[in-house]
Amino acid sequence: MTKSLSGAPDLLPGARGAPTRWTSRLQGLVTTIGVKVIPWVPSAAKRVLSGGRSVIIDGNTLDPTLQLMLSGLHAVGIDGLVVDDDPAASRAQLRGMILNLPGPQIHVTVNDISLPGPAGEIPARHYRPAGGVAAPLLVFYHGGGWTIGDLDIYDVLCRLTCRDAGIHVLSIDYRLAPEHPAPAALEDAYAAFEWAYEHAAELGAIGGQVAVGGDSAGGNLAAIVCQLARDAGGPAPVLQWLIYPRTDFSAQTRSLSLFARGFLLTKRDMDWFESQYLRASGLDKADPRVSPLLAESLAGLAPALIAVAGFDPLRDEGESYAEALRAAGTPVDLRSMGSLTHGFANLFPLGGGSAAATNELISALRAHLSRA
């Protein structure tokens with residue numbers, strides 16, 4: 001049965017009432033085996049375990065793999081990334097969720113290093129492609145609402161990007177809120193880009209071929225780093241790789257309303273992240289240092305490869321930024337992953353649409369950098 005919905009669905013039949021046999025079965029899978037079982041479940045069985053229906057919103061049909069994952073999370077009481085308004089608990093939950101994902105090891109050369117920053121050393125992780133040949137360098141900023149991400153959570157994604165794009169990746173462990181409110185993360189992000197540009201050849205990369213990228217909060221940082229580099233008149237990134245980026249804290253979009261809950265990232269999560277990041281910062285949410293879409297000019301920026309997800313409250317912000325960049329004369333490659341949710345790039349080990357989309361984005365990244 002197919003059901004078309006206009007708001008956040010109850011993805012798990014029976015979750016609001018008496019347990020059904022599907023609820024019990026799915027809870028058993030989640031609690032005893034967890035997400036490790038999902039890649040091995042046949043596609044048809046994924047729909048059955050999720051209640052035998054498709055979730056269709058705004059013309060997009062939710063990927064069966066993600067539907068099963070979300071149903072399992074809801075079955076054990078998880079709806080969102082924030083736990084009890086507690087940064088430590090939220091960080092621990094995200095680490096547990098991502099680090100327990102299945103999948104083979106991805107072998108590339110990895111070194112932990114430190115970079116000079118405005119408030120001390122910035123931890124970073126350098127991923128070197130096979131063969132030791134010079135290649136472009138991607139400075140990568142992790143997501144997590146400027147509050148709960150870290151290098152380990154993004155290690156597998158950076159390994160995959162390094163291996164399959166054939167590039168160097170430098171993942172940046174910028175300062176997190178609420179301990180370090182805005183613009184601390186941005187200051188670290190920009191300092192890391194400047195250092196990487198100056199030292200690319202020492203890392204084995206091609207000098208002058210340095211891109212920036214990230215997902216969600218990291219995409220926000222990458223976009224603003226491009227603006228700061230342009231305004232400074234110095235070295236600039238050759239590409240910005242923005243995966244479901246936050247671009248406007250003041251936006252009240254249709255996607256924010258449609259996907260306010262039920263699809264991993266919730267509006268409550270976003271409001272909490274905003275509070276942690278901005279509350280003690282003295283910055284207005286319309287300040288371009290946190291809302292790149294609201295910059296006075298978007299001309300003269302690096303070409304952009306932007307991805308949005310169909311079931312993501314940030315979908316419309318990403319699309320709006322792509323449209324604004326194009327209007328300002330910036331080349332944009334916008335990829336819409338209609339069946340997926342926020343966070344799909346971290347969820348590629350589950351297979352399904354997340355794996356296909358992540359592979360597509362990495363392939364596109366490699367193609368863009370080969371022409372940079």
# chains A, B, ... in the order shown; residues from 1 in each chain; ligands from 1
call {"tool": "residues_around", "arguments": {"residues": "A:Gly353", "least_positions_apart": "5", "cutoff": "8 Å", "atoms": "only C-alpha atoms", "output": "mmCIF file with C-alpha atoms, in the first residue's frame"}}
result
data_model
loop_
_atom_site.group_PDB
_atom_site.id
_atom_site.type_symbol
_atom_site.label_atom_id
_atom_site.label_comp_id
_atom_site.auth_asym_id
_atom_site.auth_seq_id
_atom_site.Cartn_x
_atom_site.Cartn_y
_atom_site.Cartn_z
ATOM 1 C CA ASP A 63 14.306 5.173 0.303
ATOM 2 C CA THR A 65 16.651 1.378 3.566
ATOM 3 C CA SER A 339 14.513 9.755 -1.819
ATOM 4 C CA LEU A 340 16.976 10.518 0.972
ATOM 5 C CA PHE A 348 26.245 5.064 2.974
#
call {"tool": "residues_around", "arguments": {"residues": "stretch 157-171 of chain A", "least_positions_apart": "3", "cutoff": "9 Å", "atoms": "only C-alpha atoms", "output": "ChimeraX atom specification"}}
result
/A:106-110,123-130,134-142,151,153-154,196,203-205,345-346,348,358-359,362-367,369
call {"tool": "select_by_dssp", "arguments": {"residues": "stretch 277-329 of chain A", "states": "alpha helix (DSSP H)", "output": "tab-separated table (two decimals) with N, CA and C atoms, in the first residue's frame"}}
result
chain	number	residue	atom	x	y	z
A	277	TYR	N	25.02	27.52	19.14
A	277	TYR	CA	26.01	28.17	18.30
A	277	TYR	C	25.97	29.70	18.40
A	278	LEU	N	24.75	30.25	18.54
A	278	LEU	CA	24.60	31.70	18.45
A	278	LEU	C	24.30	32.40	19.76
A	315	ARG	N	16.50	21.13	2.82
A	315	ARG	CA	16.45	21.02	1.36
A	315	ARG	C	16.31	22.37	0.67
A	316	ASP	N	15.33	23.16	1.09
A	316	ASP	CA	15.04	24.41	0.40
A	316	ASP	C	16.16	25.44	0.56
A	317	GLU	N	16.86	25.42	1.71
A	317	GLU	CA	17.98	26.33	1.90
A	317	GLU	C	19.11	26.01	0.91
A	318	GLY	N	19.38	24.73	0.71
A	318	GLY	CA	20.41	24.35	-0.23
A	318	GLY	C	20.05	24.75	-1.65
A	319	GLU	N	18.78	24.54	-2.02
A	319	GLU	CA	18.34	24.91	-3.36
A	319	GLU	C	18.37	26.43	-3.54
A	320	SER	N	17.98	27.16	-2.51
A	320	SER	CA	18.01	28.62	-2.60
A	320	SER	C	19.43	29.14	-2.77
A	321	TYR	N	20.38	28.51	-2.07
A	321	TYR	CA	21.78	28.96	-2.21
A	321	TYR	C	22.28	28.67	-3.62
A	322	ALA	N	21.93	27.51	-4.16
A	322	ALA	CA	22.34	27.18	-5.53
A	322	ALA	C	21.76	28.20	-6.51
A	323	GLU	N	20.49	28.56	-6.36
A	323	GLU	CA	19.86	29.53	-7.25
A	323	GLU	C	20.53	30.90	-7.13
A	324	ALA	N	20.84	31.31	-5.89
A	324	ALA	CA	21.46	32.62	-5.68
A	324	ALA	C	22.88	32.66	-6.26
A	325	LEU	N	23.62	31.58	-6.12
A	325	LEU	CA	24.96	31.53	-6.71
A	325	LEU	C	24.88	31.64	-8.22
A	326	ARG	N	23.96	30.91	-8.83
A	326	ARG	CA	23.82	30.97	-10.28
A	326	ARG	C	23.45	32.38	-10.73
A	327	ALA	N	22.55	33.01	-10.00
A	327	ALA	CA	22.13	34.36	-10.36
A	327	ALA	C	23.29	35.34	-10.29
call {"tool": "residues_around", "arguments": {"residues": "A:Ser281", "least_positions_apart": "2", "cutoff": "10 Å", "atoms": "only C-alpha atoms", "output": "PyMOL selection string"}}
result
chain A and resi 177-178+180-184+275-279+283-284
call {"tool": "atom_distance", "arguments": {"atom1": "atom CA of A:Gly103", "atom2": "atom CA of A:Gly132"}}
result
25.4 Å
call {"tool": "select_by_dssp", "arguments": {"residues": "stretch 128-204 of chain A", "states": "strand (DSSP E)", "output": "short mmCIF file (atom, residue, chain, number, x, y, z; two decimals) with C-alpha atoms, in the first residue's frame"}}
result
data_model
loop_
_atom_site.label_atom_id
_atom_site.label_comp_id
_atom_site.auth_asym_id
_atom_site.auth_seq_id
_atom_site.Cartn_x
_atom_site.Cartn_y
_atom_site.Cartn_z
CA ARG A 128 46.42 10.35 1.44
CA LEU A 137 43.34 18.55 -1.74
CA LEU A 138 39.89 18.80 -0.14
CA VAL A 139 39.67 20.64 3.19
CA PHE A 140 36.65 18.98 4.81
CA TYR A 141 34.50 20.38 7.62
CA HIS A 168 43.93 14.18 -0.47
CA VAL A 169 41.42 14.98 2.27
CA LEU A 170 42.20 17.13 5.30
CA SER A 171 39.41 16.78 7.89
CA ILE A 172 39.26 19.66 10.38
#
call {"tool": "atom_distance", "arguments": {"atom1": "atom CA of A:Gly262", "atom2": "atom CA of A:Asp152"}}
result
25.6 Å
call {"tool": "residues_around", "arguments": {"residues": "A:Ala236", "least_positions_apart": "2", "cutoff": "12 Å", "atoms": "only C-alpha atoms", "output": "VMD selection string"}}
result
chain A and resid 190 193 to 194 196 to 198 208 to 212 222 to 234 238 to 240 300 to 303
call {"tool": "residues_around", "arguments": {"residues": "stretch 252-261 of chain A", "least_positions_apart": "3", "cutoff": "9 Å", "atoms": "only C-alpha atoms", "output": "number ranges by chain"}}
result
A: 6-9, 57-58, 79-80, 249, 264-268, 310-317
call {"tool": "write_last_selection", "arguments": {"atoms": "N, CA and C atoms", "output": "mmCIF file, in the first residue's frame"}}
result
data_model
loop_
_atom_site.group_PDB
_atom_site.id
_atom_site.type_symbol
_atom_site.label_atom_id
_atom_site.label_comp_id
_atom_site.auth_asym_id
_atom_site.auth_seq_id
_atom_site.Cartn_x
_atom_site.Cartn_y
_atom_site.Cartn_z
ATOM 1 N N SER A 6 1.483 14.656 3.882
ATOM 2 C CA SER A 6 1.829 16.072 3.766
ATOM 3 C C SER A 6 2.612 16.563 4.956
ATOM 4 N N GLY A 7 2.952 15.690 5.869
ATOM 5 C CA GLY A 7 3.714 16.077 7.041
ATOM 6 C C GLY A 7 4.492 14.905 7.560
ATOM 7 N N ALA A 8 5.073 15.055 8.749
ATOM 8 C CA ALA A 8 5.903 13.995 9.305
ATOM 9 C C ALA A 8 5.062 12.755 9.551
ATOM 10 N N PRO A 9 5.477 11.582 9.055
ATOM 11 C CA PRO A 9 4.673 10.386 9.177
ATOM 12 C C PRO A 9 4.959 9.624 10.454
ATOM 13 N N ILE A 57 6.175 12.132 0.149
ATOM 14 C CA ILE A 57 5.941 13.525 0.536
ATOM 15 C C ILE A 57 6.526 14.428 -0.541
ATOM 16 N N ASP A 58 5.736 15.390 -0.977
ATOM 17 C CA ASP A 58 6.201 16.373 -1.951
ATOM 18 C C ASP A 58 6.695 15.718 -3.233
ATOM 19 N N ASP A 79 14.060 10.049 18.030
ATOM 20 C CA ASP A 79 13.543 10.888 16.956
ATOM 21 C C ASP A 79 14.309 12.208 16.991
ATOM 22 N N GLY A 80 15.446 12.209 16.333
ATOM 23 C CA GLY A 80 16.273 13.406 16.328
ATOM 24 C C GLY A 80 17.670 13.121 16.830
ATOM 25 N N PHE A 249 19.918 31.067 8.617
ATOM 26 C CA PHE A 249 19.291 30.827 9.910
ATOM 27 C C PHE A 249 17.938 31.514 10.046
ATOM 28 N N LEU A 264 15.236 12.044 10.948
ATOM 29 C CA LEU A 264 16.576 12.098 11.532
ATOM 30 C C LEU A 264 16.904 13.484 12.072
ATOM 31 N N LEU A 265 17.015 14.489 11.207
ATOM 32 C CA LEU A 265 17.214 15.864 11.673
ATOM 33 C C LEU A 265 15.850 16.513 11.851
ATOM 34 N N THR A 266 15.580 17.038 13.040
ATOM 35 C CA THR A 266 14.279 17.641 13.318
ATOM 36 C C THR A 266 14.411 19.155 13.479
ATOM 37 N N LYS A 267 13.275 19.833 13.413
ATOM 38 C CA LYS A 267 13.287 21.271 13.660
ATOM 39 C C LYS A 267 13.745 21.557 15.085
ATOM 40 N N ARG A 268 13.347 20.713 16.013
ATOM 41 C CA ARG A 268 13.805 20.896 17.399
ATOM 42 C C ARG A 268 15.329 20.797 17.464
ATOM 43 N N GLY A 310 15.736 15.023 -0.464
ATOM 44 C CA GLY A 310 14.314 15.290 -0.595
ATOM 45 C C GLY A 310 13.547 15.334 0.702
ATOM 46 N N PHE A 311 14.005 14.558 1.726
ATOM 47 C CA PHE A 311 13.318 14.482 3.008
ATOM 48 C C PHE A 311 14.131 15.190 4.096
ATOM 49 N N ASP A 312 14.581 16.383 3.790
ATOM 50 C CA ASP A 312 15.485 17.115 4.677
ATOM 51 C C ASP A 312 14.913 18.499 4.955
ATOM 52 N N PRO A 313 14.804 18.910 6.225
ATOM 53 C CA PRO A 313 14.352 20.273 6.491
ATOM 54 C C PRO A 313 15.247 21.337 5.871
ATOM 55 N N LEU A 314 16.495 21.004 5.545
ATOM 56 C CA LEU A 314 17.418 21.957 4.929
ATOM 57 C C LEU A 314 17.361 21.958 3.399
ATOM 58 N N ARG A 315 16.499 21.132 2.821
ATOM 59 C CA ARG A 315 16.450 21.018 1.356
ATOM 60 C C ARG A 315 16.310 22.373 0.670
ATOM 61 N N ASP A 316 15.334 23.158 1.095
ATOM 62 C CA ASP A 316 15.043 24.407 0.395
ATOM 63 C C ASP A 316 16.165 25.436 0.565
ATOM 64 N N GLU A 317 16.855 25.419 1.708
ATOM 65 C CA GLU A 317 17.983 26.328 1.898
ATOM 66 C C GLU A 317 19.106 26.012 0.911
#
call {"tool": "closest_residue", "arguments": {"among": "A:Val82, A:Glu187, A:Gly352, A:Thr330", "to": "A:Ala119", "atoms": "only C-alpha atoms"}}
result
A:Glu187
call {"tool": "atom_distance", "arguments": {"atom1": "atom CA of A:Ile148", "atom2": "atom CA of A:Leu221"}}
result
14.9 Å
